[in-house]
Amino acid sequence: MLSRVKIVAQNRRARYDYEILETREAGLVLTGQEVKSCRLGQVNLAGAYVSFFGNVPHLKNMKISSYKYAGHLPDYDPGRDRILLLKKSEAKKLEIASEEKGMTIVPLEVRSGRFIKVLLGLGRGRKKLDKRQKIREREVERRLRRGIGE
């Protein structure tokens with residue numbers, strides 16, 4: 001039986017700020033109420049990134065709101081670090097790649113199916129000039145589509 005995968009959160013800003021060279025899918029270590037919140041789409045990826053502590057990848061600054069039906073949870077931190085589930089070889093490759101100058105690992109989207117997964121992008125930061133060039137290319141593409149479509 002095929003499980004339906006739903007994209008619950010996207011980090012559109014990451015594709016604008018970074019040139020994504022490679023993508024990987026990773027699992028997340030979450031609590032039960034965080035899983036329920038993710039399935040409801042209460043996830044914010046703005047400003048999130050991946051860092052390594054002792055060869056273990058951690059997702060930092062991803063905010064998952066508390067589950068509204070869970071009641072009062074006094075010690076819940078929505079922006080806590082979450083461990084990423086990757087094979088050792090994949091984690092090592094990403095760690096080596098991220099140590100290169102100008103390279104970083106950013107979450108692109110969170111997917112909900114049978115499991116909650118995050119799509120990670122290995123990217124190189126774009127300069128302001130590159131961003132402007134990208135916007136110009138998009139504008140030209142839109143004009144061409146409008147001219148052909150009319």
# chains A, B, ... in the order shown; residues from 1 in each chain; ligands from 1
>>> closest_atom_pairs(of="region 58-79 of chain A", to="region 3-11 of chain A", cutoff="12 Å", atoms="only C-alpha atoms", output="Markdown table")
| residue | atom | partner | partner_atom | distance |
| --- | --- | --- | --- | --- |
| A:Met62 | CA | A:Asn11 | CA | 10.5 |
| A:Lys63 | CA | A:Ala9 | CA | 10.8 |
| A:Ile64 | CA | A:Ala9 | CA | 10.5 |
>>> closest_atom_pairs(of="region 97-129 of chain A", to="region 21-25 of chain A", cutoff="8 Å", atoms="only C-alpha atoms", output="CSV")
residue,atom,partner,partner_atom,distance
A:Lys117,CA,A:Glu25,CA,6.6
A:Val118,CA,A:Glu25,CA,5.8
A:Leu119,CA,A:Glu25,CA,4.5
A:Leu120,CA,A:Arg24,CA,5.2
A:Gly121,CA,A:Thr23,CA,4.4
A:Leu122,CA,A:Glu22,CA,5.2
A:Gly123,CA,A:Leu21,CA,5.5
A:Arg124,CA,A:Leu21,CA,7.5
>>> write_last_selection(atoms="C-alpha atoms", output="compact mmCIF listing (two decimals), in the first residue's frame")
# COMPACT_ATOMS: atom_id res chain seq x y z
CA LYS A 117 10.93 13.43 7.27
CA VAL A 118 12.91 16.54 6.43
CA LEU A 119 14.45 17.28 3.01
CA LEU A 120 17.94 18.71 3.53
CA GLY A 121 19.75 20.77 0.93
CA LEU A 122 23.50 21.19 0.71
CA GLY A 123 23.90 24.70 -0.59
CA ARG A 124 26.33 27.47 -1.35
>>> residues_around(residues="region 69-79 of chain A", least_positions_apart="6", cutoff="10 Å", atoms="only C-alpha atoms", output="list in words")
Gly32, Gln33, Glu34, Lys36, Ser37, Val43, Asn44, Ala48, Leu59, Lys60, Asn61, Met62 and Lys63 of chain A
>>> select_by_dssp(residues="chain A", states="alpha helix (DSSP H)", output="VMD selection string")
chain A and resid 12 to 17 32 to 39 88 to 98 128 to 149
>>> residues_around(residues="Ala91 (chain A)", least_positions_apart="5", cutoff="10 Å", atoms="only C-alpha atoms", output="PDB file with C-alpha atoms, in the first residue's frame")
ATOM      1  CA  ALA A  26      16.427  12.447   6.777  1.00  0.00           C
ATOM      2  CA  PHE A  52      27.178  18.512  13.824  1.00  0.00           C
ATOM      3  CA  ASN A  55      29.410  13.262  14.168  1.00  0.00           C
ATOM      4  CA  VAL A  56      25.666  13.461  14.983  1.00  0.00           C
ATOM      5  CA  PRO A  57      23.655  15.907  12.851  1.00  0.00           C
ATOM      6  CA  LEU A  84      18.503  13.898  12.440  1.00  0.00           C
ATOM      7  CA  LEU A  85      18.370  10.233  11.496  1.00  0.00           C
ATOM      8  CA  LEU A  86      20.849   9.487   8.704  1.00  0.00           C
ATOM      9  CA  ILE A  96      32.708  16.854   5.119  1.00  0.00           C
ATOM     10  CA  ALA A  97      30.805  18.814   2.457  1.00  0.00           C
TER      11      ALA A  97
END
>>> select_by_dssp(residues="chain A", states="strand (DSSP E or B)", output="mmCIF file with N, CA and C atoms, in the first residue's frame")
data_model
loop_
_atom_site.group_PDB
_atom_site.id
_atom_site.type_symbol
_atom_site.label_atom_id
_atom_site.label_comp_id
_atom_site.auth_asym_id
_atom_site.auth_seq_id
_atom_site.Cartn_x
_atom_site.Cartn_y
_atom_site.Cartn_z
ATOM 1 N N LYS A 6 2.657 14.205 2.470
ATOM 2 C CA LYS A 6 2.147 15.565 2.425
ATOM 3 C C LYS A 6 3.265 16.513 2.864
ATOM 4 N N ILE A 7 3.467 17.571 2.116
ATOM 5 C CA ILE A 7 4.454 18.576 2.500
ATOM 6 C C ILE A 7 3.782 19.512 3.501
ATOM 7 N N VAL A 8 4.266 19.512 4.732
ATOM 8 C CA VAL A 8 3.634 20.309 5.787
ATOM 9 C C VAL A 8 4.311 21.666 5.985
ATOM 10 N N ALA A 9 5.563 21.819 5.549
ATOM 11 C CA ALA A 9 6.260 23.100 5.682
ATOM 12 C C ALA A 9 7.342 23.190 4.620
ATOM 13 N N GLN A 10 7.523 24.403 4.086
ATOM 14 C CA GLN A 10 8.573 24.645 3.098
ATOM 15 C C GLN A 10 9.396 25.845 3.517
ATOM 16 N N TYR A 18 20.273 30.340 -1.188
ATOM 17 C CA TYR A 18 21.323 29.358 -1.447
ATOM 18 C C TYR A 18 21.129 28.699 -2.797
ATOM 19 N N GLU A 19 22.236 28.369 -3.409
ATOM 20 C CA GLU A 19 22.231 27.550 -4.616
ATOM 21 C C GLU A 19 22.325 26.103 -4.128
ATOM 22 N N ILE A 20 21.233 25.359 -4.255
ATOM 23 C CA ILE A 20 21.172 24.002 -3.717
ATOM 24 C C ILE A 20 21.861 23.050 -4.695
ATOM 25 N N LEU A 21 22.902 22.379 -4.214
ATOM 26 C CA LEU A 21 23.700 21.491 -5.053
ATOM 27 C C LEU A 21 23.262 20.029 -4.927
ATOM 28 N N GLU A 22 22.772 19.662 -3.746
ATOM 29 C CA GLU A 22 22.434 18.264 -3.482
ATOM 30 C C GLU A 22 21.349 18.219 -2.421
ATOM 31 N N THR A 23 20.449 17.233 -2.515
ATOM 32 C CA THR A 23 19.410 17.081 -1.493
ATOM 33 C C THR A 23 19.447 15.674 -0.912
ATOM 34 N N ARG A 24 19.051 15.579 0.352
ATOM 35 C CA ARG A 24 18.964 14.299 1.057
ATOM 36 C C ARG A 24 17.731 14.328 1.930
ATOM 37 N N GLU A 25 17.137 13.169 2.143
ATOM 38 C CA GLU A 25 16.004 13.066 3.039
ATOM 39 C C GLU A 25 16.468 12.415 4.341
ATOM 40 N N ALA A 26 16.025 12.968 5.465
ATOM 41 C CA ALA A 26 16.427 12.447 6.777
ATOM 42 C C ALA A 26 15.213 12.371 7.691
ATOM 43 N N GLY A 27 15.267 11.441 8.621
ATOM 44 C CA GLY A 27 14.227 11.335 9.631
ATOM 45 C C GLY A 27 14.531 12.277 10.781
ATOM 46 N N LEU A 28 13.547 12.464 11.647
ATOM 47 C CA LEU A 28 13.698 13.342 12.804
ATOM 48 C C LEU A 28 13.336 12.589 14.076
ATOM 49 N N VAL A 43 4.708 23.918 11.718
ATOM 50 C CA VAL A 43 6.175 23.878 11.662
ATOM 51 C C VAL A 43 6.667 25.142 10.968
ATOM 52 N N ASN A 44 7.748 25.712 11.479
ATOM 53 C CA ASN A 44 8.350 26.890 10.875
ATOM 54 C C ASN A 44 9.838 26.610 10.649
ATOM 55 N N TYR A 49 18.888 25.454 10.388
ATOM 56 C CA TYR A 49 20.103 24.948 9.752
ATOM 57 C C TYR A 49 20.549 23.679 10.468
ATOM 58 N N VAL A 50 21.535 23.001 9.880
ATOM 59 C CA VAL A 50 22.046 21.750 10.446
ATOM 60 C C VAL A 50 23.477 21.976 10.923
ATOM 61 N N SER A 51 23.771 21.463 12.122
ATOM 62 C CA SER A 51 25.151 21.479 12.615
ATOM 63 C C SER A 51 25.455 20.111 13.204
ATOM 64 N N PHE A 52 26.734 19.823 13.360
ATOM 65 C CA PHE A 52 27.178 18.512 13.824
ATOM 66 C C PHE A 52 27.806 18.613 15.197
ATOM 67 N N PHE A 53 27.433 17.682 16.082
ATOM 68 C CA PHE A 53 28.024 17.557 17.404
ATOM 69 C C PHE A 53 28.466 16.116 17.559
ATOM 70 N N VAL A 56 27.127 13.626 14.985
ATOM 71 C CA VAL A 56 25.666 13.461 14.983
ATOM 72 C C VAL A 56 25.044 14.756 14.472
ATOM 73 N N PRO A 57 24.272 14.688 13.378
ATOM 74 C CA PRO A 57 23.655 15.907 12.851
ATOM 75 C C PRO A 57 22.455 16.349 13.687
ATOM 76 N N HIS A 58 22.401 17.648 13.981
ATOM 77 C CA HIS A 58 21.300 18.245 14.746
ATOM 78 C C HIS A 58 20.655 19.339 13.903
ATOM 79 N N LEU A 59 19.338 19.370 13.912
ATOM 80 C CA LEU A 59 18.590 20.425 13.232
ATOM 81 C C LEU A 59 18.307 21.514 14.260
ATOM 82 N N LYS A 60 18.795 22.720 13.991
ATOM 83 C CA LYS A 60 18.678 23.817 14.946
ATOM 84 C C LYS A 60 17.681 24.857 14.427
ATOM 85 N N LYS A 63 11.124 25.448 14.437
ATOM 86 C CA LYS A 63 10.124 25.650 15.484
ATOM 87 C C LYS A 63 8.890 24.794 15.208
ATOM 88 N N ILE A 64 8.521 23.977 16.181
ATOM 89 C CA ILE A 64 7.297 23.181 16.126
ATOM 90 C C ILE A 64 6.424 23.656 17.273
ATOM 91 N N ARG A 82 16.933 19.189 17.335
ATOM 92 C CA ARG A 82 16.385 17.862 17.070
ATOM 93 C C ARG A 82 17.428 17.041 16.315
ATOM 94 N N ILE A 83 17.589 15.804 16.725
ATOM 95 C CA ILE A 83 18.568 14.911 16.105
ATOM 96 C C ILE A 83 18.014 14.421 14.774
ATOM 97 N N LEU A 84 18.871 14.414 13.762
ATOM 98 C CA LEU A 84 18.503 13.898 12.440
ATOM 99 C C LEU A 84 18.918 12.444 12.322
ATOM 100 N N LEU A 85 18.089 11.653 11.684
ATOM 101 C CA LEU A 85 18.370 10.233 11.496
ATOM 102 C C LEU A 85 18.887 10.014 10.077
ATOM 103 N N MET A 103 29.756 26.580 2.231
ATOM 104 C CA MET A 103 28.736 25.533 2.138
ATOM 105 C C MET A 103 27.973 25.423 3.454
ATOM 106 N N THR A 104 26.685 25.148 3.347
ATOM 107 C CA THR A 104 25.861 24.951 4.533
ATOM 108 C C THR A 104 24.746 23.960 4.226
ATOM 109 N N ILE A 105 24.161 23.406 5.269
ATOM 110 C CA ILE A 105 23.062 22.460 5.108
ATOM 111 C C ILE A 105 21.819 23.115 5.682
ATOM 112 N N VAL A 106 20.785 23.264 4.845
ATOM 113 C CA VAL A 106 19.539 23.889 5.277
ATOM 114 C C VAL A 106 18.364 22.952 5.000
ATOM 115 N N PRO A 107 17.366 22.962 5.876
ATOM 116 C CA PRO A 107 16.168 22.167 5.601
ATOM 117 C C PRO A 107 15.311 22.879 4.558
ATOM 118 N N LEU A 108 14.850 22.140 3.559
ATOM 119 C CA LEU A 108 14.038 22.716 2.496
ATOM 120 C C LEU A 108 12.549 22.501 2.727
ATOM 121 N N GLU A 109 12.191 21.320 3.208
ATOM 122 C CA GLU A 109 10.784 21.059 3.499
ATOM 123 C C GLU A 109 10.641 19.924 4.498
ATOM 124 N N VAL A 110 9.500 19.907 5.164
ATOM 125 C CA VAL A 110 9.152 18.840 6.102
ATOM 126 C C VAL A 110 7.997 18.077 5.482
ATOM 127 N N ARG A 111 8.128 16.745 5.436
ATOM 128 C CA ARG A 111 7.124 15.886 4.819
ATOM 129 C C ARG A 111 6.508 14.979 5.872
ATOM 130 N N SER A 112 5.213 14.785 5.753
ATOM 131 C CA SER A 112 4.494 13.936 6.685
ATOM 132 C C SER A 112 3.835 12.811 5.912
ATOM 133 N N ILE A 116 7.692 11.330 9.836
ATOM 134 C CA ILE A 116 7.988 12.739 9.572
ATOM 135 C C ILE A 116 9.429 12.802 9.067
ATOM 136 N N LYS A 117 9.602 13.346 7.879
ATOM 137 C CA LYS A 117 10.932 13.434 7.273
ATOM 138 C C LYS A 117 11.228 14.885 6.922
ATOM 139 N N VAL A 118 12.492 15.199 6.825
ATOM 140 C CA VAL A 118 12.914 16.536 6.426
ATOM 141 C C VAL A 118 13.826 16.402 5.209
ATOM 142 N N LEU A 119 13.611 17.258 4.208
ATOM 143 C CA LEU A 119 14.453 17.282 3.014
ATOM 144 C C LEU A 119 15.545 18.309 3.255
ATOM 145 N N LEU A 120 16.790 17.848 3.269
ATOM 146 C CA LEU A 120 17.941 18.711 3.527
ATOM 147 C C LEU A 120 18.596 19.086 2.205
ATOM 148 N N GLY A 121 19.049 20.311 2.118
ATOM 149 C CA GLY A 121 19.752 20.770 0.925
ATOM 150 C C GLY A 121 21.147 21.232 1.277
ATOM 151 N N LEU A 122 22.127 20.730 0.561
ATOM 152 C CA LEU A 122 23.501 21.194 0.713
ATOM 153 C C LEU A 122 23.664 22.347 -0.258
ATOM 154 N N GLY A 123 23.900 23.531 0.277
ATOM 155 C CA GLY A 123 23.904 24.701 -0.595
ATOM 156 C C GLY A 123 25.069 25.630 -0.363
ATOM 157 N N ARG A 124 25.311 26.425 -1.394
ATOM 158 C CA ARG A 124 26.330 27.467 -1.348
ATOM 159 C C ARG A 124 25.585 28.798 -1.335
ATOM 160 N N GLY A 125 25.967 29.674 -0.429
ATOM 161 C CA GLY A 125 25.296 30.964 -0.303
ATOM 162 C C GLY A 125 25.430 31.799 -1.561
#
